[in-house]
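A.B. asks: What follows is start_9.csv, made up of CSV, C-alpha atoms:
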chain,number,residue,atom,x,y,z
A,41,MET,CA,8.9,-13.4,10.7
A,42,SER,CA,9.4,-16.6,12.7
A,43,LEU,CA,8.4,-16.9,16.4
A,44,GLN,CA,12.1,-17.6,17.1
A,45,ALA,CA,13.2,-14.3,15.5
A,46,PHE,CA,10.3,-12.5,17.1
A,47,GLY,CA,11.4,-13.8,20.6
A,48,LEU,CA,15.0,-12.7,20.0
A,49,ILE,CA,13.8,-9.2,19.1
A,50,LEU,CA,11.6,-8.9,22.2
A,51,LEU,CA,14.4,-10.0,24.5
A,52,ALA,CA,16.9,-7.7,22.7
A,53,GLY,CA,14.4,-4.8,23.1
A,54,LEU,CA,14.2,-5.1,26.9
A,55,ILE,CA,18.0,-5.3,27.2
A,56,HIS,CA,18.5,-2.4,24.8
A,57,ALA,CA,16.1,-0.1,26.8
A,58,LEU,CA,17.9,-0.9,30.1
A,59,TRP,CA,21.4,-0.1,28.9
A,60,ASN,CA,20.2,3.1,27.2
A,61,ILE,CA,18.7,4.2,30.6
A,62,ALA,CA,22.0,3.4,32.2
A,63,ALA,CA,23.9,5.4,29.6
A,64,LYS,CA,21.6,8.4,30.1
A,65,LYS,CA,22.1,8.2,33.9
A,66,ALA,CA,25.9,8.1,33.4
A,67,GLY,CA,25.8,11.4,31.5
A,68,GLY,CA,29.0,10.5,29.7
A,69,ASP,CA,30.6,11.6,26.5
A,70,ALA,CA,33.1,10.0,24.1
A,71,ARG,CA,35.2,9.0,27.1
A,72,PHE,CA,32.2,7.0,28.4
A,73,ALA,CA,32.0,5.3,25.0
A,74,PHE,CA,35.7,4.5,25.4
A,75,PHE,CA,35.1,3.0,28.9
A,76,THR,CA,32.3,0.8,27.6
A,77,SER,CA,34.2,-0.3,24.5
A,78,LEU,CA,37.4,-1.1,26.5
A,79,LEU,CA,35.4,-3.1,29.1
A,80,MET,CA,33.5,-4.9,26.4
A,81,MET,CA,36.8,-6.0,24.8
A,82,PHE,CA,37.9,-7.7,28.0
A,83,VAL,CA,34.5,-9.0,29.2
A,84,TRP,CA,33.8,-10.7,25.9
A,85,ALA,CA,37.4,-11.7,25.0
A,86,PRO,CA,37.0,-15.4,25.9
A,87,LEU,CA,34.0,-15.8,23.6
A,88,GLY,CA,35.6,-13.7,20.9
A,89,TRP,CA,38.7,-15.8,20.9
A,90,TRP,CA,36.9,-19.1,21.0
A,91,LEU,CA,34.7,-18.2,18.0
A,92,GLY,CA,37.4,-16.3,16.0
A,93,ARG,CA,40.5,-18.4,16.4
A,94,ASP,CA,39.9,-20.5,13.4
A,95,VAL,CA,37.7,-18.2,11.4
A,96,VAL,CA,39.2,-14.7,11.5
A,97,PRO,CA,42.6,-15.7,10.0
A,98,LEU,CA,40.6,-16.8,6.9
A,99,TRP,CA,38.9,-13.4,6.4
A,100,SER,CA,39.7,-11.5,3.2
A,101,ALA,CA,39.9,-7.8,2.6
A,102,ARG,CA,36.1,-7.8,2.0
A,103,GLU,CA,35.3,-9.2,5.4
A,104,TRP,CA,37.7,-6.9,7.2
A,105,GLY,CA,36.4,-3.9,5.3
A,106,ILE,CA,32.8,-4.5,6.2
A,107,VAL,CA,33.7,-5.1,9.9
A,108,ALA,CA,35.8,-2.0,9.9
A,109,LEU,CA,33.0,0.1,8.4
A,110,SER,CA,30.6,-1.4,10.9
A,111,GLY,CA,32.9,-0.5,13.8
A,112,LEU,CA,33.3,3.1,12.6
A,113,LEU,CA,29.5,3.6,12.2
A,114,HIS,CA,28.9,2.2,15.7
A,115,VAL,CA,31.4,4.7,17.1
A,116,LEU,CA,29.8,7.7,15.4
A,117,TYR,CA,26.3,6.4,16.5
A,118,TYR,CA,27.3,6.0,20.2
A,119,VAL,CA,29.1,9.3,20.5
A,120,ILE,CA,26.3,11.2,18.9
A,121,LEU,CA,23.7,9.4,21.1
A,122,LEU,CA,25.6,10.2,24.3
A,123,ARG,CA,25.9,13.9,23.3
A,124,GLY,CA,22.2,14.0,22.7
A,125,TYR,CA,21.5,12.5,26.1
A,126,ARG,CA,23.6,15.2,27.7
A,127,LYS,CA,21.8,18.0,25.9
A,128,ALA,CA,18.2,16.8,25.8
A,129,ASP,CA,15.6,14.3,27.3
A,130,LEU,CA,16.1,10.6,26.7
A,131,THR,CA,12.4,10.4,25.9
A,132,VAL,CA,12.9,12.8,22.9
A,133,VAL,CA,16.3,11.6,21.6
A,134,TYR,CA,15.8,7.9,22.1
A,135,PRO,CA,12.5,7.5,20.3
A,136,LEU,CA,13.4,9.8,17.5
A,137,ALA,CA,16.6,7.9,17.0
A,138,ARG,CA,14.9,4.5,17.2
A,139,GLY,CA,12.1,5.7,14.9
A,140,THR,CA,14.2,7.3,12.2
A,141,GLY,CA,16.7,4.4,12.1
A,142,PRO,CA,14.3,1.5,11.2
A,143,LEU,CA,12.3,3.6,8.8
A,144,LEU,CA,15.5,4.4,6.8
A,145,SER,CA,16.7,0.8,7.2
A,146,SER,CA,13.5,-0.6,5.8
A,147,LEU,CA,13.5,1.7,2.9
A,148,THR,CA,17.1,0.8,2.1
A,149,ALA,CA,16.4,-2.9,2.4
A,150,VAL,CA,13.4,-2.6,0.0
A,151,LEU,CA,15.2,-0.3,-2.5
A,152,LEU,CA,18.7,-1.8,-2.5
A,153,LEU,CA,18.5,-5.3,-1.1
A,154,GLY,CA,15.3,-6.3,-3.1
A,155,GLU,CA,13.2,-7.1,0.0
A,156,ARG,CA,9.4,-6.8,-0.2
A,157,LEU,CA,6.9,-5.6,2.3
A,158,THR,CA,3.4,-7.1,2.8
A,159,ALA,CA,0.4,-4.9,3.6
A,160,MET,CA,0.6,-6.1,7.2
A,161,GLY,CA,4.3,-5.1,7.2
A,162,VAL,CA,3.5,-1.6,6.0
A,163,LEU,CA,0.9,-1.2,8.7
A,164,GLY,CA,3.4,-2.5,11.3
A,165,ILE,CA,6.0,0.1,10.3
A,166,ALA,CA,3.3,2.8,10.4
A,167,GLY,CA,2.4,1.8,13.9
A,168,VAL,CA,6.0,1.8,15.1
A,169,VAL,CA,6.6,5.3,13.6
A,170,GLY,CA,3.4,6.7,15.0
A,171,GLY,CA,4.1,5.3,18.4
A,172,VAL,CA,7.6,6.8,18.3
A,173,PHE,CA,6.1,10.2,17.5
A,174,LEU,CA,3.8,10.0,20.5
A,175,ILE,CA,6.5,8.9,22.9
A,176,ALA,CA,8.7,11.7,21.7
A,177,GLY,CA,6.0,14.2,22.8
A,178,GLY,CA,3.5,14.0,20.0
A,179,PRO,CA,1.5,17.2,19.5
A,180,GLY,CA,3.4,18.7,22.4
A,181,LEU,CA,6.5,18.8,20.3
A,182,LEU,CA,4.7,21.3,18.0
A,183,ARG,CA,3.6,23.4,20.9
A,184,VAL,CA,7.0,23.6,22.4
A,185,GLY,CA,8.5,24.3,19.0
A,186,ARG,CA,6.4,27.4,18.7
A,187,GLY,CA,7.4,28.6,22.1
A,188,GLY,CA,10.8,30.0,23.1
A,189,GLY,CA,13.4,29.9,25.8
A,190,ASP,CA,15.3,26.9,27.2
A,191,ALA,CA,12.5,24.4,26.5
A,192,GLN,CA,12.5,25.2,22.8
A,193,ARG,CA,16.3,25.0,22.5
A,194,ARG,CA,16.4,21.7,24.4
A,195,LEU,CA,13.7,20.3,22.1
A,196,ARG,CA,15.6,21.4,19.0
A,197,LYS,CA,18.7,19.7,20.3
A,198,GLY,CA,16.8,16.6,21.0
A,199,LEU,CA,15.3,16.6,17.5
A,200,THR,CA,18.6,17.2,15.9
A,201,TYR,CA,20.6,14.5,17.8
A,202,GLY,CA,17.7,12.1,17.6
A,203,VAL,CA,17.4,12.2,13.8
A,204,LEU,CA,21.2,12.2,13.4
A,205,THR,CA,21.5,9.2,15.6
A,206,GLY,CA,18.8,7.5,13.6
A,207,VAL,CA,20.8,8.0,10.4
A,208,PHE,CA,23.8,6.2,11.9
A,209,ILE,CA,21.5,3.4,13.3
A,210,ALA,CA,20.1,2.9,9.7
A,211,SER,CA,23.7,2.8,8.3
A,212,TYR,CA,25.1,0.3,10.7
A,213,THR,CA,21.9,-1.9,10.5
A,214,VAL,CA,22.2,-2.2,6.7
A,215,VAL,CA,26.0,-2.8,6.9
A,216,ASP,CA,25.7,-5.4,9.6
A,217,GLY,CA,22.7,-7.0,8.0
A,218,TYR,CA,24.8,-7.5,4.8
A,219,ALA,CA,27.6,-9.0,6.9
A,220,VAL,CA,25.5,-11.7,8.5
A,221,LYS,CA,23.1,-12.4,5.6
A,222,ALA,CA,25.3,-12.0,2.5
A,223,LEU,CA,28.8,-12.7,3.8
A,224,LEU,CA,27.5,-15.2,6.4
A,225,LEU,CA,29.7,-13.8,9.2
A,226,SER,CA,29.1,-14.7,12.8
A,227,PRO,CA,27.0,-12.1,14.5
A,228,ILE,CA,29.1,-12.3,17.6
A,229,LEU,CA,32.4,-11.8,15.6
A,230,VAL,CA,30.9,-8.9,13.7
A,231,ASP,CA,30.1,-7.1,16.9
A,232,TYR,CA,33.3,-8.1,18.8
A,233,MET,CA,35.8,-7.4,16.1
A,234,GLY,CA,34.0,-4.1,15.2
A,235,ASN,CA,34.4,-3.2,18.9
A,236,LEU,CA,38.2,-3.6,18.7
A,237,LEU,CA,38.2,-0.9,16.1
A,238,ARG,CA,36.0,1.3,18.3
A,239,VAL,CA,38.6,1.0,21.1
A,240,ALA,CA,41.4,2.0,18.7
A,241,VAL,CA,39.4,5.0,17.4
A,242,LEU,CA,38.4,6.2,20.9
A,243,THR,CA,41.7,5.8,22.7
A,244,PRO,CA,43.4,9.0,21.4
A,245,VAL,CA,40.3,11.0,22.3
A,246,ALA,CA,40.1,9.5,25.8
A,247,LEU,CA,43.8,10.1,26.6
A,248,ARG,CA,43.8,13.8,25.8
A,249,ARG,CA,43.1,14.7,29.4
A,250,PRO,CA,44.4,11.9,31.7
A,251,ALA,CA,43.4,13.6,35.0
A,252,GLU,CA,39.8,14.1,33.8
A,253,LEU,CA,39.7,10.5,32.5
A,254,ARG,CA,40.6,9.2,36.0
A,255,THR,CA,37.9,11.3,37.6
A,256,LEU,CA,35.3,10.2,35.1
A,257,TRP,CA,36.3,6.5,35.4
A,258,THR,CA,35.7,6.7,39.2
A,259,ALA,CA,32.2,8.1,38.6
A,260,GLN,CA,31.2,6.1,35.6
A,261,TRP,CA,32.8,2.7,35.6
A,262,ARG,CA,29.8,0.9,37.1
A,263,PHE,CA,27.5,2.2,34.4
A,264,ALA,CA,30.1,1.5,31.8
A,265,LEU,CA,30.5,-2.1,33.0
A,266,LEU,CA,26.8,-2.7,32.8
A,267,VAL,CA,26.6,-1.3,29.3
A,268,ALA,CA,29.6,-3.3,28.2
A,269,THR,CA,28.2,-6.5,29.6
A,270,VAL,CA,24.6,-6.4,28.3
A,271,SER,CA,24.6,-4.2,25.2
A,272,PRO,CA,26.4,-6.8,23.0
A,273,ILE,CA,23.8,-9.4,24.0
A,274,ALA,CA,21.0,-7.2,22.7
A,275,TYR,CA,22.6,-6.4,19.4
A,276,VAL,CA,23.9,-9.9,18.7
A,277,LEU,CA,20.3,-11.2,19.3
A,278,VAL,CA,19.1,-8.8,16.6
A,279,LEU,CA,21.8,-9.9,14.2
A,280,TYR,CA,20.8,-13.6,14.7
A,281,ALA,CA,17.2,-12.6,14.0
A,282,MET,CA,18.4,-10.9,10.8
A,283,GLN,CA,19.8,-14.2,9.5
A,284,THR,CA,16.4,-15.7,9.3
A,285,ALA,CA,14.0,-12.7,8.9
A,286,PRO,CA,14.0,-9.8,6.4
A,287,LEU,CA,16.0,-6.8,7.5
A,288,SER,CA,13.0,-4.5,6.5
A,289,LEU,CA,10.9,-6.2,9.3
A,290,VAL,CA,13.6,-6.8,11.9
A,291,ALA,CA,14.7,-3.1,11.9
A,292,PRO,CA,11.3,-1.6,12.9
A,293,ALA,CA,10.5,-4.6,15.1
A,294,ARG,CA,13.5,-3.7,17.3
A,295,GLU,CA,11.6,-0.6,18.4
A,296,VAL,CA,9.7,-2.7,20.9
A,297,SER,CA,12.5,-1.4,23.1
A,298,MET,CA,10.6,1.9,23.1
A,299,LEU,CA,7.7,0.2,25.0
A,300,PHE,CA,10.2,-0.8,27.7
A,301,ALA,CA,11.9,2.6,27.6
A,302,ALA,CA,8.6,4.5,27.9
A,303,LEU,CA,7.4,2.4,30.9
A,304,ILE,CA,10.8,2.1,32.7
A,305,GLY,CA,12.7,5.2,31.6
A,306,GLY,CA,9.9,7.7,32.2
A,307,HIS,CA,9.6,6.6,35.8
A,308,LEU,CA,13.3,6.4,36.6
A,309,LEU,CA,14.2,9.6,34.9
A,310,GLY,CA,11.1,11.6,35.9
A,311,GLU,CA,10.4,12.8,32.3
A,312,GLY,CA,6.8,13.9,31.8
A,313,ASP,CA,3.9,13.2,29.4
A,314,ARG,CA,3.6,9.6,30.6
A,315,ALA,CA,0.1,9.0,29.3
A,316,ALA,CA,1.0,9.9,25.7
A,317,ARG,CA,4.1,7.9,25.9
A,318,VAL,CA,2.3,4.8,27.2
A,319,ILE,CA,-0.2,5.1,24.3
A,320,GLY,CA,2.7,5.4,22.0
A,321,ALA,CA,4.3,2.4,23.5
A,322,VAL,CA,1.1,0.4,23.0
A,323,LEU,CA,1.0,1.5,19.4
A,324,ILE,CA,4.6,0.4,18.9
A,325,ALA,CA,3.7,-3.0,20.4
A,326,ALA,CA,0.8,-3.4,18.0
A,327,GLY,CA,3.0,-2.4,15.1
A,328,VAL,CA,5.6,-5.0,16.2
A,329,VAL,CA,2.9,-7.7,16.4
A,330,ALA,CA,1.8,-6.7,12.9
A,331,LEU,CA,5.4,-7.0,11.6
A,332,ALA,CA,5.7,-10.5,13.2
A,333,LEU,CA,2.4,-11.6,11.5
A,334,GLY,CA,3.4,-10.0,8.2
Could you express the structure from this file as structure tokens?
C.D. replies:
Amino acid sequence: MSLQAFGLILLAGLIHALWNIAAKKAGGDARFAFFTSLLMMFVWAPLGWWLGRDVVPLWSAREWGIVALSGLLHVLYYVILLRGYRKADLTVVYPLARGTGPLLSSLTAVLLLGERLTAMGVLGIAGVVGGVFLIAGGPGLLRVGRGGGDAQRRLRKGLTYGVLTGVFIASYTVVDGYAVKALLLSPILVDYMGNLLRVAVLTPVALRRPAELRTLWTAQWRFALLVATVSPIAYVLVLYAMQTAPLSLVAPAREVSMLFAALIGGHLLGEGDRAARVIGAVLIAAGVVALALG
């Protein structure tokens, strides 16, 4: 992995952690996803128009199909993620999602896209996955799992939504990686045009209860605007990194965001086990460095 790709992933990781913390604090559902997608459409419209005015009309059914699939997978990912944040701790859902996703993405890239992993790359992936396990609670997960009551139910929900979110992360990562590496589509246009589909899919859901929608807008629009403004930057940086580095390395390297989430999110959200989560974050950082060297 080049230093340029590594730098893009580091910056993307910081931005990604920050917008996930904002989404957690908003406590939203599919309507919050609608707010962010709608605002994203307007905020990034000038750049989308500038880059797409001569290119998009030339797209064939193949390009439109891959962008549509990407948009749908992103909708499912975001809605499931928000639901997990409402029902469980961010420091359970987020690391499990971010750990499952790159593991599945790397396996898919190796098995289906013909990519190869070096020994250093394998060690890096192991470090990332191990760090994610510690941040999610480590051995404490097993102790809580054997207990009962609300803590056990909350943990189970966190595990379920975290893993399910990770499946969608892996799915859209492979699809988008194919779009920018094989079809040579602009990363910015893949994200922006896919977001237009997200708006179309989420609009009927959001408009079912107009009165509630207005109330939620009043409470959540600031968080939605923050997510709409910065989240595309994080993901587009990753897509640019995918153009020059193997997807099987980029996907787990993205989990450097867990380092930032552990250090920032644990403090802001008051979620416990900080020592284990900091150790996990260091392990992730070491794994990411190994991936860069590999």
A.B. asks: Using 12 Å as the limit and counting all atoms listed in the file, can you tabulate each residue of range 102-180 of chain A that touches range 270-287 of chain A, with its shortest atom-to-atom distance in Å and the two atoms involved, as JSON lines?
C.D. replies:
{"residue": "A:His114", "atom": "CA", "partner": "A:Tyr275", "partner_atom": "CA", "distance": 11.3}
{"residue": "A:Tyr118", "atom": "CA", "partner": "A:Ser271", "partner_atom": "CA", "distance": 11.7}
{"residue": "A:Pro142", "atom": "CA", "partner": "A:Leu287", "partner_atom": "CA", "distance": 9.2}
{"residue": "A:Leu143", "atom": "CA", "partner": "A:Leu287", "partner_atom": "CA", "distance": 11.1}
{"residue": "A:Leu144", "atom": "CA", "partner": "A:Leu287", "partner_atom": "CA", "distance": 11.2}
{"residue": "A:Ser145", "atom": "CA", "partner": "A:Leu287", "partner_atom": "CA", "distance": 7.6}
{"residue": "A:Ser146", "atom": "CA", "partner": "A:Leu287", "partner_atom": "CA", "distance": 6.9}
{"residue": "A:Leu147", "atom": "CA", "partner": "A:Leu287", "partner_atom": "CA", "distance": 10.0}
{"residue": "A:Thr148", "atom": "CA", "partner": "A:Leu287", "partner_atom": "CA", "distance": 9.4}
{"residue": "A:Ala149", "atom": "CA", "partner": "A:Leu287", "partner_atom": "CA", "distance": 6.4}
{"residue": "A:Val150", "atom": "CA", "partner": "A:Leu287", "partner_atom": "CA", "distance": 9.0}
{"residue": "A:Leu151", "atom": "CA", "partner": "A:Leu287", "partner_atom": "CA", "distance": 12.0}
{"residue": "A:Leu152", "atom": "CA", "partner": "A:Leu287", "partner_atom": "CA", "distance": 11.5}
{"residue": "A:Leu153", "atom": "CA", "partner": "A:Leu287", "partner_atom": "CA", "distance": 9.1}
{"residue": "A:Gly154", "atom": "CA", "partner": "A:Pro286", "partner_atom": "CA", "distance": 10.2}
{"residue": "A:Glu155", "atom": "CA", "partner": "A:Pro286", "partner_atom": "CA", "distance": 7.0}
{"residue": "A:Arg156", "atom": "CA", "partner": "A:Pro286", "partner_atom": "CA", "distance": 8.6}
{"residue": "A:Leu157", "atom": "CA", "partner": "A:Pro286", "partner_atom": "CA", "distance": 9.2}
{"residue": "A:Thr158", "atom": "CA", "partner": "A:Pro286", "partner_atom": "CA", "distance": 11.5}
{"residue": "A:Gly161", "atom": "CA", "partner": "A:Pro286", "partner_atom": "CA", "distance": 10.8}
A.B. asks: Grab the CA of Arg262 in chain A to CA of Leu79 in chain A distance for me, in Å with one decimal place.
C.D. replies: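 Here the two named atoms are 10.6 Å from each other.
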A.B. asks: Counting only C-alpha atoms, which of A:Leu58, A:Ile106, A:Val322, A:Leu229 gets nearest to Tyr212 in chain A?
C.D. replies: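 When distances to Tyr212 in chain A are compared using only C-alpha atoms, the smallest one comes from A:Ile106.
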A.B. asks: Tell me which protein, DNA and RNA residues are within 9 Å of Gly124 in chain A, counting all atoms listed in the file, leaving out same-chain ones fewer than 4 positions away, and put them as a PyMOL selection string.
C.D. replies: chain A and resi 119-120+128-130+133-134+197-198+200-202+205
A.B. asks: Nearest residue to Arg193 in chain A out of A:Trp261, A:Val107, A:Lys127, A:Leu98, using only C-alpha atoms?
C.D. replies: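 Among the listed residues, the smallest separation from Arg193 in chain A belongs to A:Lys127.
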A.B. asks: To one decimal in Å, tell me the separation between CA of Ile228 in chain A and CA of Ala62 in chain A.
C.D. replies: 22.6 Å
A.B. asks: Measuring atom to atom with all atoms listed in the file, identify which of A:Val290, A:Val172, A:Ile165, A:Leu54 is nearest to Gly327 in chain A.
C.D. replies: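 The shortest atom-to-atom distance to Gly327 in chain A comes from A:Ile165.
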A.B. asks: Please determine, counting all atoms listed in the file, which residue among A:Trp59, A:Arg93, A:Asp216, A:Phe82 has the shortest atom-to-atom distance to Asp231 in chain A.
C.D. replies: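 The closest residue to Asp231 in chain A is A:Asp216.
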A.B. asks: Could you tell me how far CA of Ala315 in chain A sits from CA of Gly67 in chain A, in Å to one decimal place?
C.D. replies: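 Result for CA of Gly67 in chain A versus CA of Ala315 in chain A: 25.9 Å, one decimal.
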